[in-house]
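J.: Below is my_file_13.txt; it holds compact mmCIF, N, CA and C atoms.
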# COMPACT_ATOMS: atom_id res chain seq x y z
N MET A 1 88.75 55.56 -21.45
CA MET A 1 89.72 56.08 -20.56
C MET A 1 89.11 57.00 -19.52
N ALA A 2 88.05 57.63 -19.93
CA ALA A 2 87.39 58.52 -19.01
C ALA A 2 86.83 57.74 -17.84
N SER A 3 86.33 56.51 -18.12
CA SER A 3 85.80 55.72 -17.03
C SER A 3 86.92 55.22 -16.15
N ALA A 4 88.09 54.96 -16.69
CA ALA A 4 89.23 54.51 -15.89
C ALA A 4 89.68 55.61 -14.96
N SER A 5 89.75 56.82 -15.43
CA SER A 5 90.18 57.91 -14.57
C SER A 5 89.10 58.23 -13.55
N SER A 6 87.83 58.05 -13.92
CA SER A 6 86.75 58.29 -12.99
C SER A 6 86.76 57.22 -11.90
N THR A 7 87.02 55.95 -12.27
CA THR A 7 87.13 54.88 -11.28
C THR A 7 88.34 55.12 -10.39
N SER A 8 89.41 55.54 -10.98
CA SER A 8 90.63 55.84 -10.22
C SER A 8 90.38 56.98 -9.25
N ALA A 9 89.66 57.99 -9.70
CA ALA A 9 89.34 59.12 -8.83
C ALA A 9 88.43 58.68 -7.69
N LYS A 10 87.46 57.80 -8.01
CA LYS A 10 86.58 57.29 -6.97
C LYS A 10 87.36 56.49 -5.94
N ASN A 11 88.28 55.62 -6.44
CA ASN A 11 89.11 54.82 -5.52
C ASN A 11 89.98 55.72 -4.65
N LEU A 12 90.55 56.76 -5.26
CA LEU A 12 91.38 57.71 -4.51
C LEU A 12 90.54 58.42 -3.45
N PHE A 13 89.31 58.81 -3.82
CA PHE A 13 88.41 59.47 -2.87
C PHE A 13 88.04 58.53 -1.73
N VAL A 14 87.75 57.26 -2.07
CA VAL A 14 87.39 56.27 -1.05
C VAL A 14 88.58 56.00 -0.14
N ASP A 15 89.78 55.87 -0.76
CA ASP A 15 90.98 55.66 0.06
C ASP A 15 91.24 56.84 0.98
N SER A 16 91.11 58.03 0.46
CA SER A 16 91.31 59.24 1.28
C SER A 16 90.29 59.29 2.41
N LYS A 17 89.05 58.95 2.06
CA LYS A 17 87.98 58.97 3.06
C LYS A 17 88.26 57.92 4.14
N THR A 18 88.74 56.75 3.75
CA THR A 18 89.05 55.67 4.69
C THR A 18 90.22 56.08 5.60
N ARG A 19 91.28 56.65 4.99
CA ARG A 19 92.43 57.10 5.80
C ARG A 19 92.03 58.21 6.75
N LEU A 20 91.18 59.11 6.31
CA LEU A 20 90.70 60.19 7.16
C LEU A 20 89.90 59.62 8.34
N ALA A 21 89.05 58.64 8.05
CA ALA A 21 88.26 58.01 9.12
C ALA A 21 89.18 57.30 10.12
N GLU A 22 90.24 56.64 9.59
CA GLU A 22 91.19 55.97 10.48
C GLU A 22 91.92 56.98 11.36
N ARG A 23 92.33 58.10 10.74
CA ARG A 23 93.03 59.14 11.53
C ARG A 23 92.11 59.75 12.58
N VAL A 24 90.86 59.96 12.20
CA VAL A 24 89.89 60.48 13.18
C VAL A 24 89.72 59.50 14.33
N GLN A 25 89.66 58.21 13.99
CA GLN A 25 89.52 57.17 15.03
C GLN A 25 90.74 57.17 15.94
N VAL A 26 91.94 57.28 15.36
CA VAL A 26 93.17 57.33 16.16
C VAL A 26 93.16 58.56 17.06
N ASN A 27 92.75 59.70 16.53
CA ASN A 27 92.70 60.93 17.34
C ASN A 27 91.68 60.81 18.46
N VAL A 28 90.54 60.19 18.19
CA VAL A 28 89.53 59.98 19.24
C VAL A 28 90.09 59.07 20.33
N ASN A 29 90.78 58.01 19.92
CA ASN A 29 91.40 57.10 20.91
C ASN A 29 92.46 57.83 21.73
N ASN A 30 93.27 58.66 21.05
CA ASN A 30 94.29 59.43 21.77
C ASN A 30 93.66 60.40 22.76
N MET A 31 92.56 61.05 22.37
CA MET A 31 91.87 61.96 23.29
C MET A 31 91.32 61.20 24.50
N GLY A 32 90.82 59.99 24.25
CA GLY A 32 90.35 59.17 25.37
C GLY A 32 91.48 58.85 26.32
N SER A 33 92.66 58.53 25.77
CA SER A 33 93.83 58.24 26.61
C SER A 33 94.23 59.46 27.42
N ILE A 34 94.21 60.62 26.76
CA ILE A 34 94.57 61.86 27.46
C ILE A 34 93.59 62.14 28.58
N CYS A 35 92.31 61.95 28.31
CA CYS A 35 91.29 62.17 29.35
C CYS A 35 91.50 61.23 30.53
N ARG A 36 91.81 59.98 30.25
CA ARG A 36 92.07 59.02 31.34
C ARG A 36 93.28 59.45 32.16
N GLN A 37 94.33 59.92 31.48
CA GLN A 37 95.53 60.36 32.19
C GLN A 37 95.24 61.59 33.06
N VAL A 38 94.47 62.53 32.52
CA VAL A 38 94.10 63.73 33.29
C VAL A 38 93.27 63.32 34.49
N ASN A 39 92.34 62.39 34.29
CA ASN A 39 91.51 61.91 35.39
C ASN A 39 92.36 61.25 36.46
N ARG A 40 93.30 60.41 36.04
CA ARG A 40 94.21 59.77 37.01
C ARG A 40 95.03 60.81 37.74
N GLY A 41 95.49 61.81 37.00
CA GLY A 41 96.27 62.89 37.63
C GLY A 41 95.48 63.64 38.67
N SER A 42 94.22 63.93 38.38
CA SER A 42 93.39 64.64 39.35
C SER A 42 93.10 63.75 40.55
N GLN A 43 92.92 62.45 40.31
CA GLN A 43 92.73 61.53 41.43
C GLN A 43 93.98 61.47 42.29
N SER A 44 95.14 61.50 41.65
CA SER A 44 96.40 61.49 42.40
C SER A 44 96.51 62.75 43.25
N ALA A 45 96.15 63.88 42.67
CA ALA A 45 96.20 65.14 43.43
C ALA A 45 95.23 65.08 44.61
N ASP A 46 94.04 64.53 44.39
CA ASP A 46 93.07 64.39 45.48
C ASP A 46 93.61 63.47 46.57
N MET A 47 94.24 62.38 46.15
CA MET A 47 94.79 61.46 47.14
C MET A 47 95.93 62.12 47.92
N LEU A 48 96.76 62.90 47.24
CA LEU A 48 97.84 63.60 47.93
C LEU A 48 97.29 64.62 48.93
N THR A 49 96.25 65.33 48.52
CA THR A 49 95.63 66.30 49.42
C THR A 49 95.04 65.59 50.64
N HIS A 50 94.38 64.49 50.40
CA HIS A 50 93.78 63.72 51.48
C HIS A 50 94.88 63.19 52.41
N SER A 51 95.96 62.69 51.85
CA SER A 51 97.07 62.17 52.65
C SER A 51 97.72 63.28 53.47
N ALA A 52 97.90 64.46 52.87
CA ALA A 52 98.49 65.58 53.60
C ALA A 52 97.60 66.00 54.76
N ARG A 53 96.28 66.02 54.53
CA ARG A 53 95.35 66.38 55.60
C ARG A 53 95.42 65.36 56.73
N ASN A 54 95.44 64.08 56.38
CA ASN A 54 95.53 63.03 57.40
C ASN A 54 96.84 63.12 58.17
N MET A 55 97.92 63.44 57.46
CA MET A 55 99.21 63.57 58.14
C MET A 55 99.19 64.72 59.13
N ALA A 56 98.56 65.84 58.75
CA ALA A 56 98.44 66.97 59.66
C ALA A 56 97.64 66.59 60.90
N LEU A 57 96.58 65.82 60.71
CA LEU A 57 95.79 65.37 61.85
C LEU A 57 96.60 64.43 62.74
N GLN A 58 97.41 63.58 62.13
CA GLN A 58 98.24 62.66 62.90
C GLN A 58 99.30 63.41 63.69
N GLU A 59 99.84 64.50 63.11
CA GLU A 59 100.82 65.30 63.83
C GLU A 59 100.22 65.86 65.10
N HIS A 60 98.97 66.36 65.01
CA HIS A 60 98.30 66.89 66.20
C HIS A 60 98.08 65.78 67.23
N ALA A 61 97.67 64.61 66.76
CA ALA A 61 97.44 63.49 67.67
C ALA A 61 98.75 63.06 68.33
N LEU A 62 99.83 63.06 67.57
CA LEU A 62 101.13 62.69 68.14
C LEU A 62 101.58 63.70 69.19
N LYS A 63 101.35 64.98 68.91
CA LYS A 63 101.73 66.02 69.89
C LYS A 63 100.92 65.85 71.17
N SER A 64 99.63 65.62 71.03
CA SER A 64 98.78 65.40 72.21
C SER A 64 99.24 64.17 72.99
N SER A 65 99.58 63.11 72.28
CA SER A 65 100.06 61.89 72.93
C SER A 65 101.37 62.15 73.67
N GLU A 66 102.24 62.93 73.05
CA GLU A 66 103.52 63.25 73.69
C GLU A 66 103.28 64.05 74.98
N GLU A 67 102.37 65.02 74.93
CA GLU A 67 102.05 65.79 76.13
C GLU A 67 101.45 64.90 77.21
N ASN A 68 100.57 63.98 76.82
CA ASN A 68 99.97 63.05 77.78
C ASN A 68 101.02 62.15 78.41
N LEU A 69 101.98 61.68 77.60
CA LEU A 69 103.05 60.85 78.15
C LEU A 69 103.90 61.64 79.14
N HIS A 70 104.14 62.90 78.84
CA HIS A 70 104.91 63.74 79.76
C HIS A 70 104.16 63.89 81.09
N ARG A 71 102.85 64.14 81.00
CA ARG A 71 102.03 64.25 82.23
C ARG A 71 102.03 62.94 83.01
N LEU A 72 101.92 61.82 82.29
CA LEU A 72 101.94 60.52 82.96
C LEU A 72 103.28 60.27 83.64
N ASN A 73 104.36 60.72 83.02
CA ASN A 73 105.68 60.57 83.62
C ASN A 73 105.77 61.37 84.91
N ILE A 74 105.23 62.58 84.91
CA ILE A 74 105.21 63.40 86.13
C ILE A 74 104.38 62.71 87.21
N LEU A 75 103.20 62.17 86.82
CA LEU A 75 102.36 61.46 87.78
C LEU A 75 103.08 60.24 88.35
N LEU A 76 103.80 59.54 87.50
CA LEU A 76 104.55 58.37 87.95
C LEU A 76 105.60 58.76 88.99
N THR A 77 106.28 59.86 88.73
CA THR A 77 107.28 60.35 89.68
C THR A 77 106.63 60.69 91.03
N HIS A 78 105.49 61.39 90.99
CA HIS A 78 104.80 61.76 92.23
C HIS A 78 104.27 60.52 92.96
N LEU A 79 103.78 59.55 92.21
CA LEU A 79 103.33 58.31 92.85
C LEU A 79 104.51 57.59 93.52
N GLY A 80 105.67 57.66 92.90
CA GLY A 80 106.87 57.07 93.52
C GLY A 80 107.20 57.76 94.84
N TYR A 81 107.10 59.11 94.85
CA TYR A 81 107.34 59.83 96.10
C TYR A 81 106.33 59.43 97.17
N GLN A 82 105.07 59.30 96.78
CA GLN A 82 104.03 58.92 97.73
C GLN A 82 104.27 57.50 98.25
N GLN A 83 104.71 56.60 97.38
CA GLN A 83 105.00 55.23 97.81
C GLN A 83 106.14 55.22 98.83
N GLU A 84 107.18 55.99 98.57
CA GLU A 84 108.29 56.06 99.52
C GLU A 84 107.82 56.62 100.86
N SER A 85 106.95 57.64 100.81
CA SER A 85 106.43 58.23 102.04
C SER A 85 105.59 57.22 102.82
N ILE A 86 104.76 56.46 102.10
CA ILE A 86 103.94 55.43 102.76
C ILE A 86 104.82 54.36 103.37
N GLN A 87 105.87 53.96 102.68
CA GLN A 87 106.78 52.94 103.22
C GLN A 87 107.49 53.45 104.48
N ARG A 88 107.91 54.72 104.45
CA ARG A 88 108.54 55.29 105.66
C ARG A 88 107.55 55.35 106.82
N SER A 89 106.31 55.73 106.49
CA SER A 89 105.29 55.80 107.54
C SER A 89 104.99 54.41 108.09
N ALA A 90 104.92 53.42 107.21
CA ALA A 90 104.66 52.05 107.67
C ALA A 90 105.81 51.56 108.54
N HIS A 91 107.04 51.88 108.15
CA HIS A 91 108.20 51.49 108.97
C HIS A 91 108.16 52.21 110.31
N ALA A 92 107.83 53.50 110.30
CA ALA A 92 107.73 54.25 111.56
C ALA A 92 106.62 53.69 112.42
N LEU A 93 105.52 53.25 111.81
CA LEU A 93 104.41 52.66 112.54
C LEU A 93 104.85 51.37 113.24
N GLU A 94 105.66 50.57 112.55
CA GLU A 94 106.19 49.35 113.16
C GLU A 94 107.04 49.71 114.38
N ASN A 95 107.86 50.76 114.24
CA ASN A 95 108.69 51.18 115.38
C ASN A 95 107.83 51.65 116.55
N VAL A 96 106.78 52.42 116.24
CA VAL A 96 105.89 52.90 117.31
C VAL A 96 105.18 51.71 117.95
N LYS A 97 104.77 50.74 117.15
CA LYS A 97 104.09 49.55 117.67
C LYS A 97 105.01 48.80 118.63
N GLU A 98 106.27 48.66 118.26
CA GLU A 98 107.24 47.98 119.14
C GLU A 98 107.42 48.75 120.44
N GLN A 99 107.52 50.07 120.34
CA GLN A 99 107.69 50.89 121.54
C GLN A 99 106.48 50.78 122.47
N VAL A 100 105.28 50.75 121.89
CA VAL A 100 104.07 50.62 122.70
C VAL A 100 104.06 49.26 123.39
N GLN A 101 104.48 48.21 122.68
CA GLN A 101 104.52 46.88 123.28
C GLN A 101 105.51 46.84 124.43
N TYR A 102 106.68 47.49 124.28
CA TYR A 102 107.66 47.53 125.38
C TYR A 102 107.10 48.28 126.58
N GLN A 103 106.41 49.38 126.31
CA GLN A 103 105.87 50.16 127.42
C GLN A 103 104.75 49.40 128.12
N VAL A 104 103.94 48.66 127.36
CA VAL A 104 102.87 47.88 127.96
C VAL A 104 103.49 46.80 128.85
N ARG A 105 104.58 46.17 128.40
CA ARG A 105 105.25 45.13 129.19
C ARG A 105 105.84 45.74 130.47
N ASP A 106 106.43 46.95 130.28
CA ASP A 106 107.03 47.59 131.45
C ASP A 106 105.95 47.98 132.47
N MET A 107 104.81 48.38 132.01
CA MET A 107 103.72 48.77 132.92
C MET A 107 103.11 47.54 133.60
N GLN A 108 103.17 46.40 132.94
CA GLN A 108 102.61 45.19 133.51
C GLN A 108 103.52 44.65 134.60
N ARG A 109 104.77 45.01 134.64
CA ARG A 109 105.70 44.48 135.64
C ARG A 109 105.57 45.15 136.92
Would you kindly transcribe this structure into structure tokens?

T.:
Amino acid sequence: MASASSTSAKNLFVDSKTRLAERVQVNVNNMGSICRQVNRGSQSADMLTHSARNMALQEHALKSSEENLHRLNILLTHLGYQQESIQRSAHALENVKEQVQYQVRDMQR
């Protein structure tokens, strides 16, 4: 009977040792999962920081573009005024040309 209880004790020790090893393995796997999640979380934070920085840069670029569009609009308006002035001058030039032609005809008579 002593050998039976000794074998039983050995089996119990081996079973306990096996369960302990399995639990250690599960805990190691869980720690690996936690580490991966923390790593993903830090990568997400880095990506968010990078995205926020890029967005801030884009805001500056958009503001500059808006200012440039406003300046271009002012230039367009001034070019329109200059075009109207040139057209009036060209029309006045035609009138002066006609008057010169009439005077030349009158002088030739």

J.: Expressed in Å to a single decimal, how great is the separation between atom CA of A:Leu48 and atom N of A:Asn68?

T.: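 Rounded to one decimal, the two atoms are 29.0 Å apart.
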
J.: At what distance in Å, to one decimal, does atom N of A:Gln82 lie from atom N of A:Val100?

T.: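 If I compute the distance from atom N of A:Val100 to atom N of A:Gln82, I get 26.5 Å.
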
J.: Go ahead and compute the interatomic distance for atom N of A:Ser65 and atom CA of A:Met47, in Å to one decimal.

T.: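 Result for atom N of A:Ser65 versus atom CA of A:Met47: 25.6 Å, one decimal.
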